[in-house]
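In what follows, a structure is listed as structure tokens, so that the remarks can point back to it.
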Amino acid sequence: MIDQGRQLAVRAAVRLDSGVTAEMALDQELGAVGADHPQRRRATDLFYQTVRWQIRLDHAIGRALNRPLRDLQPEVRAILRLGALELLVEQHPAYAVVDTSVSLTGKLAPPAKGMVNAVLRRVSQEGDGPEEEDPVTALAIRHAHPRWLAERWLARFGEDATVAMMEWDNTRPPLWLRINRNKGTAAAYEDRFDLTGQHHPLVPGALAVGAQPVRSLAGFAEGWVSPQGVGSQLVANSLKLAAGWRVADVCAGHGTKALALIERTSKLDLLATDLRPEALRVIGQEARRLGVPAPKTRSMDAAHPPEELFRSFQAVLVDAPCSGLGTLQRHPELRHRCQMADVRRLAENQTRILAGAAQLVAAGGVLQYAVCSLEAEETTDVIAKFLGRHPDFSAPGAGRWLSPWEEGTEGFFLMTLTRHGA
Ligand SMILES: C[S@@+](CC[C@H](N)C(=O)[O-])C[C@H]1O[C@@H](n2cnc3c(N)ncnc32)[C@H](O)[C@@H]1O
């Protein structure tokens with residue numbers, strides 16, 4: 001009998017190959033089988049584990065294969081990776097892994113049955129094989145990260161922090177929730193719905209409960225909770241606002257941080273903007289669920305805002321589009337997609353966006369820059385360039401680094417700048 005969880009995981013991996021995000025690939029696959037599918041949780045775990053460990057898995061498979069893995073049919077590639085995951089990482093018995101992998105190949109790509117059988121048998125016998133001689137390559141493969149990233153992080157953070165960061169990236173992320181403080185505290189949520197979550201020392205309102213579809217969370221429909229990483233909650237909490245302020249969130253996306261700001265401070269006059277109008281569309285609906293006033297929304301290129309908005313906001317948040325290299329735990333596929341050239345291109349874009357958004361800040365107002373990346377190009381370099389070109393802004397303090405290995409959050413960089421004048 002075909003194992004449904006494995007089949008769903010393989011199909012999602014094939015979708016991922018087409019370039020969508022891991023979350024979308026899985027949602028599309030699970031959406032097709034329904035929310036109550038008994039294998040949903042298992043398929044999710046197998047799929048994400050395979051994406052996380054892919055570099056190590058591909059290395060082991062590559063040793064047993066007589067042609068490049070990329071030349072194989074996507075279904076076969078996905079079956080081999082899943083089998084290698086179960087052998088090397090999950091340490092399942094070899095006979096069961098080979099047997100189920102060959103059966104699944106028989107269903108999805110019959111001519112490849114013999115090859116899958118031979119390759120997985122060899123992986124089961126030889127494991128990861130001998131370590132590469134080059135210590136950086138060996139470390140990168142062992143922790144399933146691209147070599148270029150291992151090299152950068154070793155030079156920047158040292159070996160202990162690099163390994164800790166990579167280990168964190170390879171763990172299963174809990175589902176962190178933001179508790180809507182207008183409903184009650186995290187403890188009140190636990191009492192009311194008779195559950196016990198994990199509290200985070202850095203953010204009092206952050207609570208993790210077991211992974212499950214967000215919409216089926218207790219109190220979700222009534223607006224008690226929203227999914228949001230701890231680092232992201234901290235970024236929103238760090239922007240100090242007062243009732244009645246005019247605030248712009250210029251890279252608002254689906255409005256997670258904008259809604260966190262509105263939940264926290266009453267009577268904000270908040271404008272949420274983004275380049276993608278389709279992203280902004282869900283914000284009004286989410287505000288209704290949370291029982292908070294909906295922010296105004298507007299599609300806008302933050303690098304070129306219209307003059308009518310210049311100097312009119314007391315606070316402007318720039319949650320800039322970035323490499324996401326601080327979020328590889330939740331978005332493991334980014335490690336396979338992001339290259340150094342992307343980091344540089346993103347940094348140029350961030351510089352343009354920050355300069356554009358600065359024009360919106362009123363005299364005496366605050367400009368907050370945040371990225372979920374710890375790379376120098378996207379963080380301190382952007383700020384240094386900005387301050388060099390904008391003498392009317394200054395940084396009252398140092399930037400804040402949220403590093404997974406120290407804070408137990410996604411990697412974030414956060415900097416608050418102020419505009420001179422009364
Ligand atoms: C890091 S995400 C924002 C996440 C969002 N603030 C949240 O808390 O969920 C960056 C966003 O910037 C948007 N973006 C990219 N380039 C932009 C530009 N030039 N102007 C405005 N928004 C832009 C992207 O569409 C994306 O939604």
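We name chains A, B, ... following the order of the structure tokens; residues begin at 1 in each chain, and ligands are numbered from 1 as shown.
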Near-segment 314-327 of chain A list (8 Å; only C-alpha atoms; drop same-chain fewer than 6 positions) as a PyMOL selection string: chain A and resi 169+241+245-252+334-335+338+342-343+346-347+350+353-354+357-358+360-375+378+403-404+410-412
Selection: 9 Å around Leu261 of chain A, only C-alpha atoms, excl. self and same-chain fewer than 3 positions, as a list in words: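 Close residues of Leu261 of chain A: Ala236, Asn237, Leu239, Leu241, Thr256, Lys257, Ala258, Arg264, Thr265, Ser266, Leu268 and Leu270 of chain A.
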In segment 98-219 of chain A, DSSP alpha helix (DSSP H) residues written as a PyMOL selection string: chain A and resi 98-108+113-126+135-142+147-157+159-169+186-193
Dump C-alpha atoms for the selected residues as a PDB file, in the first residue's frame?
```pdb
ATOM      1  CA  VAL A  98      14.069   1.145   0.460  1.00  0.00           C
ATOM      2  CA  ASP A  99      10.864  -0.854   0.183  1.00  0.00           C
ATOM      3  CA  THR A 100       8.478   2.102   0.535  1.00  0.00           C
ATOM      4  CA  SER A 101      10.626   4.308  -1.719  1.00  0.00           C
ATOM      5  CA  VAL A 102      10.624   1.698  -4.477  1.00  0.00           C
ATOM      6  CA  SER A 103       6.827   1.234  -4.160  1.00  0.00           C
ATOM      7  CA  LEU A 104       6.286   4.974  -4.464  1.00  0.00           C
ATOM      8  CA  THR A 105       8.582   5.091  -7.495  1.00  0.00           C
ATOM      9  CA  GLY A 106       6.493   2.290  -9.011  1.00  0.00           C
ATOM     10  CA  LYS A 107       3.493   4.594  -8.746  1.00  0.00           C
ATOM     11  CA  LEU A 108       5.050   7.915  -9.809  1.00  0.00           C
ATOM     12  CA  LYS A 113      12.438   1.652  -9.671  1.00  0.00           C
ATOM     13  CA  GLY A 114      15.730  -0.192 -10.118  1.00  0.00           C
ATOM     14  CA  MET A 115      17.817   2.946  -9.851  1.00  0.00           C
ATOM     15  CA  VAL A 116      16.038   4.146  -6.683  1.00  0.00           C
ATOM     16  CA  ASN A 117      16.537   0.712  -5.167  1.00  0.00           C
ATOM     17  CA  ALA A 118      20.281   0.685  -5.977  1.00  0.00           C
ATOM     18  CA  VAL A 119      20.973   4.258  -4.874  1.00  0.00           C
ATOM     19  CA  LEU A 120      19.158   3.997  -1.543  1.00  0.00           C
ATOM     20  CA  ARG A 121      20.769   0.663  -0.767  1.00  0.00           C
ATOM     21  CA  ARG A 122      24.149   2.243  -1.311  1.00  0.00           C
ATOM     22  CA  VAL A 123      23.271   5.261   0.839  1.00  0.00           C
ATOM     23  CA  SER A 124      22.108   2.897   3.586  1.00  0.00           C
ATOM     24  CA  GLN A 125      25.444   1.039   3.434  1.00  0.00           C
ATOM     25  CA  GLU A 126      27.792   4.008   3.117  1.00  0.00           C
ATOM     26  CA  PRO A 135      36.887  21.921   6.558  1.00  0.00           C
ATOM     27  CA  VAL A 136      34.455  24.646   5.381  1.00  0.00           C
ATOM     28  CA  THR A 137      32.885  22.321   2.801  1.00  0.00           C
ATOM     29  CA  ALA A 138      32.719  19.541   5.408  1.00  0.00           C
ATOM     30  CA  LEU A 139      30.969  21.835   7.904  1.00  0.00           C
ATOM     31  CA  ALA A 140      28.572  23.141   5.258  1.00  0.00           C
ATOM     32  CA  ILE A 141      27.557  19.612   4.215  1.00  0.00           C
ATOM     33  CA  ARG A 142      27.293  18.320   7.780  1.00  0.00           C
ATOM     34  CA  ARG A 147      29.282  26.628   1.338  1.00  0.00           C
ATOM     35  CA  TRP A 148      29.344  30.364   0.540  1.00  0.00           C
ATOM     36  CA  LEU A 149      27.156  31.044   3.561  1.00  0.00           C
ATOM     37  CA  ALA A 150      29.255  28.831   5.824  1.00  0.00           C
ATOM     38  CA  GLU A 151      32.353  30.731   4.715  1.00  0.00           C
ATOM     39  CA  ARG A 152      30.771  34.133   5.412  1.00  0.00           C
ATOM     40  CA  TRP A 153      29.341  33.198   8.782  1.00  0.00           C
ATOM     41  CA  LEU A 154      32.614  31.599   9.911  1.00  0.00           C
ATOM     42  CA  ALA A 155      34.508  34.787   9.032  1.00  0.00           C
ATOM     43  CA  ARG A 156      31.914  37.017  10.677  1.00  0.00           C
ATOM     44  CA  PHE A 157      30.639  35.107  13.735  1.00  0.00           C
ATOM     45  CA  GLU A 159      32.814  28.672  14.429  1.00  0.00           C
ATOM     46  CA  ASP A 160      30.717  28.245  17.589  1.00  0.00           C
ATOM     47  CA  ALA A 161      28.107  30.818  16.583  1.00  0.00           C
ATOM     48  CA  THR A 162      28.041  29.552  12.987  1.00  0.00           C
ATOM     49  CA  VAL A 163      27.395  25.993  14.099  1.00  0.00           C
ATOM     50  CA  ALA A 164      24.771  27.177  16.616  1.00  0.00           C
ATOM     51  CA  MET A 165      23.032  29.210  13.911  1.00  0.00           C
ATOM     52  CA  MET A 166      23.057  26.268  11.496  1.00  0.00           C
ATOM     53  CA  GLU A 167      21.776  23.897  14.163  1.00  0.00           C
ATOM     54  CA  TRP A 168      18.962  26.321  14.929  1.00  0.00           C
ATOM     55  CA  ASP A 169      18.119  26.572  11.220  1.00  0.00           C
ATOM     56  CA  ALA A 186      -1.029  35.020  27.203  1.00  0.00           C
ATOM     57  CA  ALA A 187      -1.930  33.487  30.596  1.00  0.00           C
ATOM     58  CA  ALA A 188      -5.577  34.511  30.132  1.00  0.00           C
ATOM     59  CA  TYR A 189      -5.558  32.846  26.698  1.00  0.00           C
ATOM     60  CA  GLU A 190      -4.183  29.639  28.201  1.00  0.00           C
ATOM     61  CA  ASP A 191      -6.817  29.707  30.977  1.00  0.00           C
ATOM     62  CA  ARG A 192      -9.688  30.483  28.705  1.00  0.00           C
ATOM     63  CA  PHE A 193      -8.904  27.734  26.198  1.00  0.00           C
TER      64      PHE A 193
END
```
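In this comparison, which uses only C-alpha atoms and all ligand atoms, the residue of A:Gly219, A:Pro305, A:Gly5, A:Pro173 approaching ligand 1 most closely is A:Pro305.
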DSSP strand (DSSP E) residues within segment 242-310 of chain A, as a list in words: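 Put together, the selection reads Arg246, Val247, Ala248, Asp249, Asp269, Leu270, Leu271, Ala272, Thr273, Asp274, Lys296, Thr297, Arg298 and Ser299 of chain A.
Proximity ranking of A:Glu75, A:Glu407, A:Glu23, A:Glu133 relative to Leu234 of chain A places A:Glu407 first, based on only C-alpha atoms.
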Who sits within 12 Å of Arg276 of chain A, only C-alpha atoms, same chain under 4 positions skipped, as a ChimeraX atom specification: /A:250-255,272,280-282,297-302,321
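Straight-line separation from atom CA of Met24 of chain A to atom CA of Val214 of chain A: 14.6 Å.
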Among the residues A:Val235, A:Leu275, A:Ala32, A:Leu387, the one that comes closest to Arg400 of chain A [using only C-alpha atoms]: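 Nearest candidate to Arg400 of chain A out of A:Val235, A:Leu275, A:Ala32, A:Leu387: A:Val235.
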For atom 21 (C, counted along the ligand's line) of ligand 1 and atom CA of Pro277 of chain A, the interatomic separation in Å (one decimal): 9.8 Å
Atomic separation - atom CA of His336 of chain A relative to atom CA of Ser226 of chain A, Å: 28.6 Å
Exercise: Trp176 of chain A partners within 10 Å, only C-alpha atoms, chain neighbours under 6 positions left out, as JSON, numbers by chain: {"A": [197, 198, 199, 200, 206, 207, 208, 209, 210, 211, 225, 226, 227, 228, 229, 230, 233]}
Excluding Leu46 of chain A and any residue of its chain fewer than 3 positions from it, enumerate the residues within 9 Å of it, using only C-alpha atoms, and give them as a compact mmCIF listing (two decimals) with C-alpha atoms, in the first residue's frame.
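Saved to around.txt:
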```txt
# COMPACT_ATOMS: atom_id res chain seq x y z
CA GLY A 5 2.19 11.07 3.89
CA ARG A 6 5.29 10.30 1.81
CA ALA A 9 5.60 15.18 0.71
CA VAL A 10 7.05 14.10 -2.65
CA ARG A 41 1.12 16.58 9.86
CA ARG A 42 3.43 13.80 8.74
CA ALA A 43 3.58 15.05 5.15
CA GLN A 49 12.82 18.06 6.89
CA THR A 50 13.83 17.14 3.35
CA VAL A 51 14.17 20.80 2.33
CA LEU A 82 13.07 11.64 1.16
CA LEU A 85 16.43 11.75 4.89
CA GLU A 86 14.84 8.72 6.50
```
Of the listed residues A:Gly223, A:Gly399, A:Gly356, A:Gly158, that which approaches Gly291 of chain A most closely, counting only C-alpha atoms: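 Looking at the shortest contact to Gly291 of chain A, the residue is A:Gly223.
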